[in-house]
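Listing of protein13.txt, compact mmCIF, C-alpha atoms and all ligand atoms
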```
# COMPACT_ATOMS: atom_id res chain seq x y z
CA GLU A 1 0.00 0.00 0.00
CA LYS A 2 1.46 3.37 -1.07
CA ARG A 3 0.30 6.90 -0.68
CA PHE A 4 0.62 9.47 -3.47
CA GLU A 5 -1.05 12.74 -2.71
CA ASN A 6 -4.39 11.65 -1.28
CA ILE A 7 -4.80 8.60 -3.39
CA ASN A 8 -4.50 5.37 -1.56
CA THR A 9 -3.46 2.67 -4.01
CA VAL A 10 -3.96 -0.97 -3.17
CA MET A 11 -2.52 -3.67 -5.38
CA PHE A 12 -3.91 -7.21 -5.53
CA GLU A 13 -2.61 -10.37 -7.13
CA ASP A 14 -5.35 -10.24 -9.76
CA SER A 15 -8.66 -8.56 -10.52
CA GLN A 16 -10.71 -11.40 -9.07
CA VAL A 17 -9.12 -11.17 -5.63
CA ALA A 18 -9.40 -7.38 -5.82
CA SER A 19 -13.06 -7.51 -6.80
CA LYS A 20 -13.80 -9.78 -3.86
CA ALA A 21 -12.20 -7.33 -1.46
CA VAL A 22 -14.26 -4.45 -2.84
CA ALA A 23 -17.45 -6.56 -2.69
CA GLU A 24 -16.69 -7.27 0.99
CA GLU A 25 -16.40 -3.57 1.71
CA ILE A 26 -19.70 -2.87 -0.06
CA ALA A 27 -21.43 -5.76 1.73
CA ASN A 28 -20.24 -4.42 5.08
CA LEU A 29 -21.49 -0.94 4.25
CA ILE A 30 -24.89 -2.31 3.19
CA LYS A 31 -25.14 -4.23 6.49
CA VAL A 32 -24.10 -1.25 8.61
CA LYS A 33 -26.76 0.86 6.90
CA GLN A 34 -29.31 -1.93 7.40
CA SER A 35 -28.56 -2.03 11.12
CA GLN A 36 -29.06 1.74 11.22
CA LYS A 37 -32.31 1.40 9.22
CA GLN A 38 -30.79 3.68 6.59
CA PRO A 39 -30.67 3.39 2.82
CA CYS A 40 -27.26 2.62 1.34
CA ILE A 41 -26.56 4.90 -1.63
CA LEU A 42 -24.18 3.39 -4.16
CA GLY A 43 -22.77 5.11 -7.23
CA LEU A 44 -22.22 2.46 -9.91
CA ALA A 45 -20.15 2.20 -13.06
CA THR A 46 -20.31 0.15 -16.23
CA GLY A 47 -17.54 -1.05 -18.54
CA SER A 48 -15.56 -4.26 -18.10
CA SER A 49 -13.76 -3.26 -14.89
CA PRO A 50 -16.66 -3.69 -12.40
CA LYS A 51 -17.95 -6.97 -13.88
CA GLY A 52 -16.09 -9.13 -11.35
CA LEU A 53 -17.33 -6.94 -8.51
CA TYR A 54 -20.96 -7.34 -9.60
CA ALA A 55 -20.48 -11.10 -10.00
CA GLU A 56 -19.16 -11.29 -6.45
CA LEU A 57 -22.05 -9.19 -5.08
CA VAL A 58 -24.48 -11.56 -6.82
CA ARG A 59 -22.66 -14.49 -5.22
CA LEU A 60 -22.89 -12.86 -1.78
CA HIS A 61 -26.64 -12.44 -2.34
CA LYS A 62 -27.26 -15.98 -3.57
CA GLU A 63 -24.92 -17.88 -1.29
CA GLU A 64 -24.68 -15.70 1.81
CA GLY A 65 -28.04 -13.99 1.86
CA LEU A 66 -26.80 -10.43 1.40
CA SER A 67 -29.92 -8.32 0.85
CA PHE A 68 -30.10 -5.23 -1.36
CA ARG A 69 -33.52 -4.12 -0.09
CA ASN A 70 -32.08 -0.97 1.46
CA VAL A 71 -29.79 -0.19 -1.49
CA VAL A 72 -30.37 2.72 -3.85
CA THR A 73 -28.09 2.98 -6.89
CA PHE A 74 -27.20 5.82 -9.22
CA ASN A 75 -25.30 4.89 -12.34
CA LEU A 76 -22.68 7.26 -13.64
CA ASP A 77 -23.69 7.46 -17.24
CA GLU A 78 -25.60 6.32 -20.30
CA TYR A 79 -25.06 6.79 -24.00
CA TYR A 80 -27.34 9.29 -25.70
CA PRO A 81 -29.44 8.52 -27.57
CA MET A 82 -29.97 5.02 -26.22
CA GLU A 83 -33.05 2.84 -25.75
CA PRO A 84 -33.01 0.99 -22.40
CA ASP A 85 -33.45 -2.42 -24.03
CA ALA A 86 -30.81 -1.88 -26.76
CA VAL A 87 -27.92 -4.38 -26.70
CA ASN A 88 -25.35 -1.82 -25.59
CA SER A 89 -27.43 0.21 -23.17
CA TYR A 90 -26.05 0.58 -19.68
CA VAL A 91 -29.56 -0.21 -18.39
CA ARG A 92 -29.34 -3.61 -20.01
CA PHE A 93 -25.78 -4.12 -18.73
CA MET A 94 -26.73 -3.31 -15.12
CA LYS A 95 -29.85 -5.50 -15.19
CA LYS A 96 -27.87 -8.43 -16.51
CA MET A 97 -24.83 -8.02 -14.27
CA LEU A 98 -26.56 -7.08 -11.02
CA PHE A 99 -30.11 -5.76 -10.72
CA ASP A 100 -31.97 -8.80 -12.10
CA GLN A 101 -29.92 -11.16 -9.96
CA VAL A 102 -30.39 -9.60 -6.53
CA ASP A 103 -33.36 -8.39 -4.47
CA ILE A 104 -32.85 -4.68 -5.15
CA LEU A 105 -36.12 -2.82 -5.82
CA PRO A 106 -36.28 -1.73 -9.48
CA GLU A 107 -37.54 1.70 -8.42
CA ASN A 108 -34.32 2.17 -6.45
CA CYS A 109 -32.09 1.79 -9.52
CA TYR A 110 -31.37 5.06 -11.28
CA ILE A 111 -29.57 5.28 -14.63
CA PRO A 112 -29.52 8.38 -16.82
CA ASP A 113 -32.31 8.22 -19.41
CA GLY A 114 -31.00 7.96 -22.95
CA THR A 115 -34.44 8.44 -24.52
CA LEU A 116 -35.22 12.02 -23.51
CA PRO A 117 -35.90 14.74 -26.03
CA LYS A 118 -32.88 17.05 -26.10
CA ASP A 119 -34.67 20.01 -24.59
CA LYS A 120 -35.56 17.97 -21.48
CA ILE A 121 -32.02 16.81 -20.68
CA ALA A 122 -30.84 19.79 -18.64
CA SER A 123 -33.76 19.69 -16.20
CA TYR A 124 -33.58 15.89 -16.05
CA CYS A 125 -29.89 16.11 -15.08
CA SER A 126 -30.55 18.63 -12.37
CA ASP A 127 -33.34 16.38 -10.99
CA TYR A 128 -30.92 13.42 -11.03
CA GLU A 129 -28.56 15.38 -8.79
CA LYS A 130 -31.41 16.52 -6.54
CA LYS A 131 -32.48 12.90 -5.98
CA ILE A 132 -28.93 12.07 -4.87
CA GLU A 133 -28.88 15.08 -2.55
CA ALA A 134 -32.30 14.25 -1.08
CA LEU A 135 -30.95 10.85 -0.03
CA GLY A 136 -27.94 12.44 1.67
CA GLY A 137 -25.40 11.94 -1.13
CA ILE A 138 -23.53 8.92 -2.43
CA ASP A 139 -22.07 6.73 0.32
CA LEU A 140 -19.72 4.85 -1.99
CA GLN A 141 -18.89 5.56 -5.62
CA ILE A 142 -17.43 2.85 -7.87
CA LEU A 143 -15.43 4.12 -10.84
CA GLY A 144 -13.62 2.66 -13.80
CA ILE A 145 -11.18 4.77 -15.77
CA GLY A 146 -10.97 5.46 -19.48
CA GLY A 147 -7.59 5.20 -21.18
CA ASN A 148 -7.62 9.00 -21.45
CA GLY A 149 -8.39 9.48 -17.73
CA HIS A 150 -12.12 9.97 -18.03
CA ILE A 151 -14.36 9.07 -15.10
CA GLY A 152 -17.97 8.33 -15.96
CA PHE A 153 -18.05 10.11 -19.29
CA ASN A 154 -16.29 13.20 -17.95
CA GLU A 155 -13.75 13.52 -20.73
CA SER A 156 -10.57 15.61 -20.81
CA GLY A 157 -11.48 19.24 -20.22
CA SER A 158 -14.29 18.46 -17.76
CA LEU A 159 -14.18 20.86 -14.85
CA GLN A 160 -13.89 19.81 -11.24
CA ASN A 161 -17.23 21.44 -10.47
CA SER A 162 -18.96 20.11 -13.60
CA LYS A 163 -22.58 19.10 -13.24
CA THR A 164 -24.51 16.15 -14.60
CA ARG A 165 -24.94 16.88 -18.28
CA LEU A 166 -24.95 15.84 -21.91
CA VAL A 167 -21.37 15.50 -23.21
CA ALA A 168 -19.63 14.81 -26.50
CA LEU A 169 -17.53 11.66 -26.38
CA ASP A 170 -13.85 11.90 -27.26
CA HIS A 171 -12.79 10.20 -30.46
CA ILE A 172 -10.58 7.81 -28.47
CA THR A 173 -13.53 6.85 -26.22
CA ARG A 174 -15.68 6.15 -29.26
CA VAL A 175 -12.93 4.05 -30.82
CA ALA A 176 -12.74 2.00 -27.57
CA ALA A 177 -16.54 1.59 -27.58
CA SER A 178 -16.77 0.85 -31.30
CA LYS A 179 -15.95 -2.85 -30.79
CA ASP A 180 -19.31 -3.21 -29.00
CA PHE A 181 -21.20 -1.18 -31.59
CA ALA A 182 -19.87 -2.96 -34.70
CA GLY A 183 -17.92 0.02 -35.97
CA LEU A 184 -17.32 3.67 -35.30
CA SER A 185 -20.18 4.92 -37.44
CA ASN A 186 -22.68 3.09 -35.19
CA THR A 187 -21.07 4.34 -31.97
CA PRO A 188 -22.91 7.11 -30.13
CA ARG A 189 -21.35 10.57 -30.21
CA THR A 190 -22.84 11.78 -26.97
CA ALA A 191 -23.73 10.58 -23.49
CA ILE A 192 -25.26 11.78 -20.26
CA THR A 193 -22.82 11.66 -17.35
CA LEU A 194 -22.85 12.42 -13.67
CA GLY A 195 -20.65 15.50 -13.27
CA VAL A 196 -17.28 15.52 -11.54
CA LYS A 197 -18.74 17.53 -8.66
CA LYS A 198 -21.16 14.79 -7.53
CA ILE A 199 -18.41 12.18 -7.87
CA MET A 200 -16.14 14.32 -5.66
CA GLU A 201 -18.98 14.72 -3.12
CA ALA A 202 -19.27 10.95 -2.64
CA LYS A 203 -18.23 10.00 0.89
CA ARG A 204 -15.94 7.28 -0.42
CA VAL A 205 -14.61 6.55 -3.92
CA ILE A 206 -13.16 3.27 -5.19
CA LEU A 207 -11.63 3.28 -8.66
CA LEU A 208 -11.00 -0.10 -10.30
CA ALA A 209 -8.36 -0.66 -12.95
CA TRP A 210 -6.98 -3.88 -14.38
CA GLY A 211 -4.31 -4.72 -16.89
CA GLU A 212 -1.25 -3.22 -18.47
CA SER A 213 -3.29 -0.96 -20.74
CA LYS A 214 -4.36 1.09 -17.69
CA ALA A 215 -0.87 1.38 -16.10
CA ALA A 216 0.11 4.68 -17.71
CA ILE A 217 -3.14 6.50 -17.00
CA ILE A 218 -3.15 5.19 -13.42
CA LYS A 219 0.30 6.69 -12.88
CA THR A 220 -0.71 9.98 -14.48
CA SER A 221 -3.92 10.16 -12.45
CA ALA A 222 -2.46 9.15 -9.09
CA GLU A 223 0.93 10.86 -9.25
CA GLY A 224 0.73 13.50 -11.95
CA GLN A 225 -0.49 17.05 -11.84
CA VAL A 226 -4.12 17.65 -10.93
CA THR A 227 -5.52 18.89 -14.22
CA ASN A 228 -8.80 18.95 -16.08
CA GLN A 229 -6.96 17.28 -18.94
CA VAL A 230 -7.07 14.13 -16.79
CA PRO A 231 -10.36 14.15 -14.83
CA ALA A 232 -9.31 11.15 -12.70
CA SER A 233 -6.48 13.33 -11.30
CA PHE A 234 -9.13 15.40 -9.47
CA LEU A 235 -9.46 12.41 -7.16
CA GLN A 236 -6.13 13.43 -5.60
CA GLU A 237 -8.20 16.11 -3.87
CA HIS A 238 -10.77 13.66 -2.48
CA ASN A 239 -10.21 12.70 1.15
CA ASN A 240 -11.35 9.08 0.97
CA VAL A 241 -10.37 7.47 -2.30
CA THR A 242 -8.73 4.15 -3.09
CA PHE A 243 -7.43 2.98 -6.45
CA VAL A 244 -7.86 -0.79 -6.42
CA LEU A 245 -5.42 -2.28 -8.93
CA ASP A 246 -4.09 -5.55 -10.18
CA LYS A 247 -0.33 -5.99 -10.56
CA GLU A 248 -0.33 -4.89 -14.19
CA ALA A 249 -2.33 -1.68 -13.65
CA ALA A 250 -0.05 -0.81 -10.70
CA SER A 251 3.15 -1.60 -12.58
CA LYS A 252 4.15 2.00 -13.32
CA LEU A 253 3.57 3.39 -9.81
C1 LIG A 301 -16.72 3.69 -20.38
C2 LIG A 301 -17.56 4.05 -19.16
C3 LIG A 301 -16.67 4.43 -18.01
C4 LIG A 301 -15.65 3.34 -17.80
C5 LIG A 301 -14.78 3.21 -19.03
C6 LIG A 301 -13.68 2.17 -18.89
O1 LIG A 301 -16.22 4.82 -20.99
N1 LIG A 301 -18.50 5.10 -19.40
O2 LIG A 301 -17.46 4.64 -16.85
O3 LIG A 301 -14.86 3.63 -16.69
O4 LIG A 301 -15.62 2.85 -20.11
O5 LIG A 301 -14.14 0.93 -19.31
P1 LIG A 301 -13.46 -0.44 -18.95
O6 LIG A 301 -13.77 -0.70 -17.52
O7 LIG A 301 -14.14 -1.42 -19.85
O8 LIG A 301 -12.01 -0.28 -19.20
```

Is it possible to express this structure as structure tokens?
Amino acid sequence: EKRFENINTVMFEDSQVASKAVAEEIANLIKVKQSQKQPCILGLATGSSPKGLYAELVRLHKEEGLSFRNVVTFNLDEYYPMEPDAVNSYVRFMKKMLFDQVDILPENCYIPDGTLPKDKIASYCSDYEKKIEALGGIDLQILGIGGNGHIGFNESGSLQNSKTRLVALDHITRVAASKDFAGLSNTPRTAITLGVKKIMEAKRVILLAWGESKAAIIKTSAEGQVTNQVPASFLQEHNNVTFVLDKEAASKL
């Protein structure tokens, strides 16, 4: 365990062991909140990085009786436009990986709506933030990281106080996504993302990164200058953040 700025980095043998450790922390938080008769507010991410975490949470539900009845989730982002039942929608991803496999109440699962008319997006985004605030804020935020340092879909240039909003995706982000969309021309150009400000307001943040391809951006984010060119670097200014890494992602630290 090393400390760079404020970012606690923890390295595990592999992503499976790491995912189990994060699932344990989440399970403990859910149980503490249950004992306090409080909702547990989780900020959730999509992408490949949290898949092992969700699989482990499902296992804890099925084999150890972990209940999600008091859990409320807010996902970071969704492509726009995007129908909820489309193959690549984050709604579909979350249902498959987690929501349909545990006892969470569907009405407690929030994901930005990719079907809104454009002129409704701004007020929808402000309502999304208000719902989070009304519940007392995010207790624990899970993040992945884009190869360019984006968190959620807060691309390079996103400000530290940015709000939840419609954003244009970077070319490099679209190229990374294009494998799922059968080519760049089918890949969405825009998305709705939780802003950096709400991410920074989460009481605890856990960023997951696996593999050699993330090693350089992990070093830049954890040890480099805090800059809006690398939105993950803002996390250096968060007081309770851990980068959970496998050996390869930690290899340049
Ligand atoms: C997408 C998501 C991000 C995620 C990133 C990394 O851009 N919107 O939230 O962190 O992909 O994905 P992966 O975990 O597959 O590397």

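Across A:Pro81, A:Gly52, A:Gly144, A:Pro112, the tightest approach to ligand LIG 301 (chain A) is made by A:Gly144 when counting all atoms listed in the file.
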
**Asked** Do you know which residues are within 8 Å of ligand LIG 301 (chain A) using all atoms listed in the file? Can you write them as a ChimeraX atom specification?
**Response** /A:45-50,76-78,143-147,150-153,173,176-177,208-210,214

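The two atoms in question, atom CA of A:Val87 and atom CA of A:Pro117, are spaced 20.7 Å apart.
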
**Message:** So that I can see what lies close to stretch 7-9 of chain A, please list as a PyMOL selection string the residues with an atom at most 12 Å from it, counting all atoms listed in the file and leaving out residues fewer than 4 positions away in the same chain.
**Reply:** chain A and resi 1-3+18+204-209+218-224+226+232-247+249-251+253

**Prompt:** In Å, with one decimal, what is the gap from atom CA of A:Phe74 to atom CA of A:Tyr128?
**Reply:**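 Separation between atom CA of A:Phe74 and atom CA of A:Tyr128: 8.7 Å.
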
**Prompt:** Between A:Leu159, A:Ala202, A:Ala122, A:Ala215, which one has atoms that come closest to A:Gln229, using only C-alpha atoms?
**Reply:** A:Leu159

**Request:** Find, counting all atoms listed in the file, the residue in A:Thr164, A:Gln36, A:Asn108, A:Thr193 that gets nearest to A:Leu135.
**Result:**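 Using all atoms listed in the file, A:Leu135 sits closest to A:Asn108.
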
**Message:** So that I can see what lies close to A:Glu107, please list as a list in words the residues with an atom at most 12 Å from it, counting only C-alpha atoms and leaving out residues fewer than 6 positions away in the same chain.
**Reply:**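 My reading of the contact set: Arg69, Asn70, Val71, Val72, Thr73, Phe74 and Phe99 of chain A.
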
**Message:** The residues within 9 Å of (-27.2, 11.8, -4.5), using all atoms listed in the file and the coordinates of the file, should be reported as a list in words; which are they?
**Reply:** Ile41, Leu42, Gly43, Phe74, Tyr128, Glu129, Lys130, Lys131, Ile132, Glu133, Ala134, Leu135, Gly136, Gly137, Ile138, Asp139, Lys198, Glu201 and Ala202 of chain A

If you keep C-alpha atoms, can you produce a file of those selected residues as a PDB file, keeping the file's coordinate frame?
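The result, stored in again.pdb:
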```pdb
ATOM      1  CA  ILE A  41     -26.560   4.900  -1.630  1.00  0.00           C
ATOM      2  CA  LEU A  42     -24.180   3.390  -4.160  1.00  0.00           C
ATOM      3  CA  GLY A  43     -22.770   5.110  -7.230  1.00  0.00           C
ATOM      4  CA  PHE A  74     -27.200   5.820  -9.220  1.00  0.00           C
ATOM      5  CA  TYR A 128     -30.920  13.420 -11.030  1.00  0.00           C
ATOM      6  CA  GLU A 129     -28.560  15.380  -8.790  1.00  0.00           C
ATOM      7  CA  LYS A 130     -31.410  16.520  -6.540  1.00  0.00           C
ATOM      8  CA  LYS A 131     -32.480  12.900  -5.980  1.00  0.00           C
ATOM      9  CA  ILE A 132     -28.930  12.070  -4.870  1.00  0.00           C
ATOM     10  CA  GLU A 133     -28.880  15.080  -2.550  1.00  0.00           C
ATOM     11  CA  ALA A 134     -32.300  14.250  -1.080  1.00  0.00           C
ATOM     12  CA  LEU A 135     -30.950  10.850  -0.030  1.00  0.00           C
ATOM     13  CA  GLY A 136     -27.940  12.440   1.670  1.00  0.00           C
ATOM     14  CA  GLY A 137     -25.400  11.940  -1.130  1.00  0.00           C
ATOM     15  CA  ILE A 138     -23.530   8.920  -2.430  1.00  0.00           C
ATOM     16  CA  ASP A 139     -22.070   6.730   0.320  1.00  0.00           C
ATOM     17  CA  LYS A 198     -21.160  14.790  -7.530  1.00  0.00           C
ATOM     18  CA  GLU A 201     -18.980  14.720  -3.120  1.00  0.00           C
ATOM     19  CA  ALA A 202     -19.270  10.950  -2.640  1.00  0.00           C
TER      20      ALA A 202
END
```
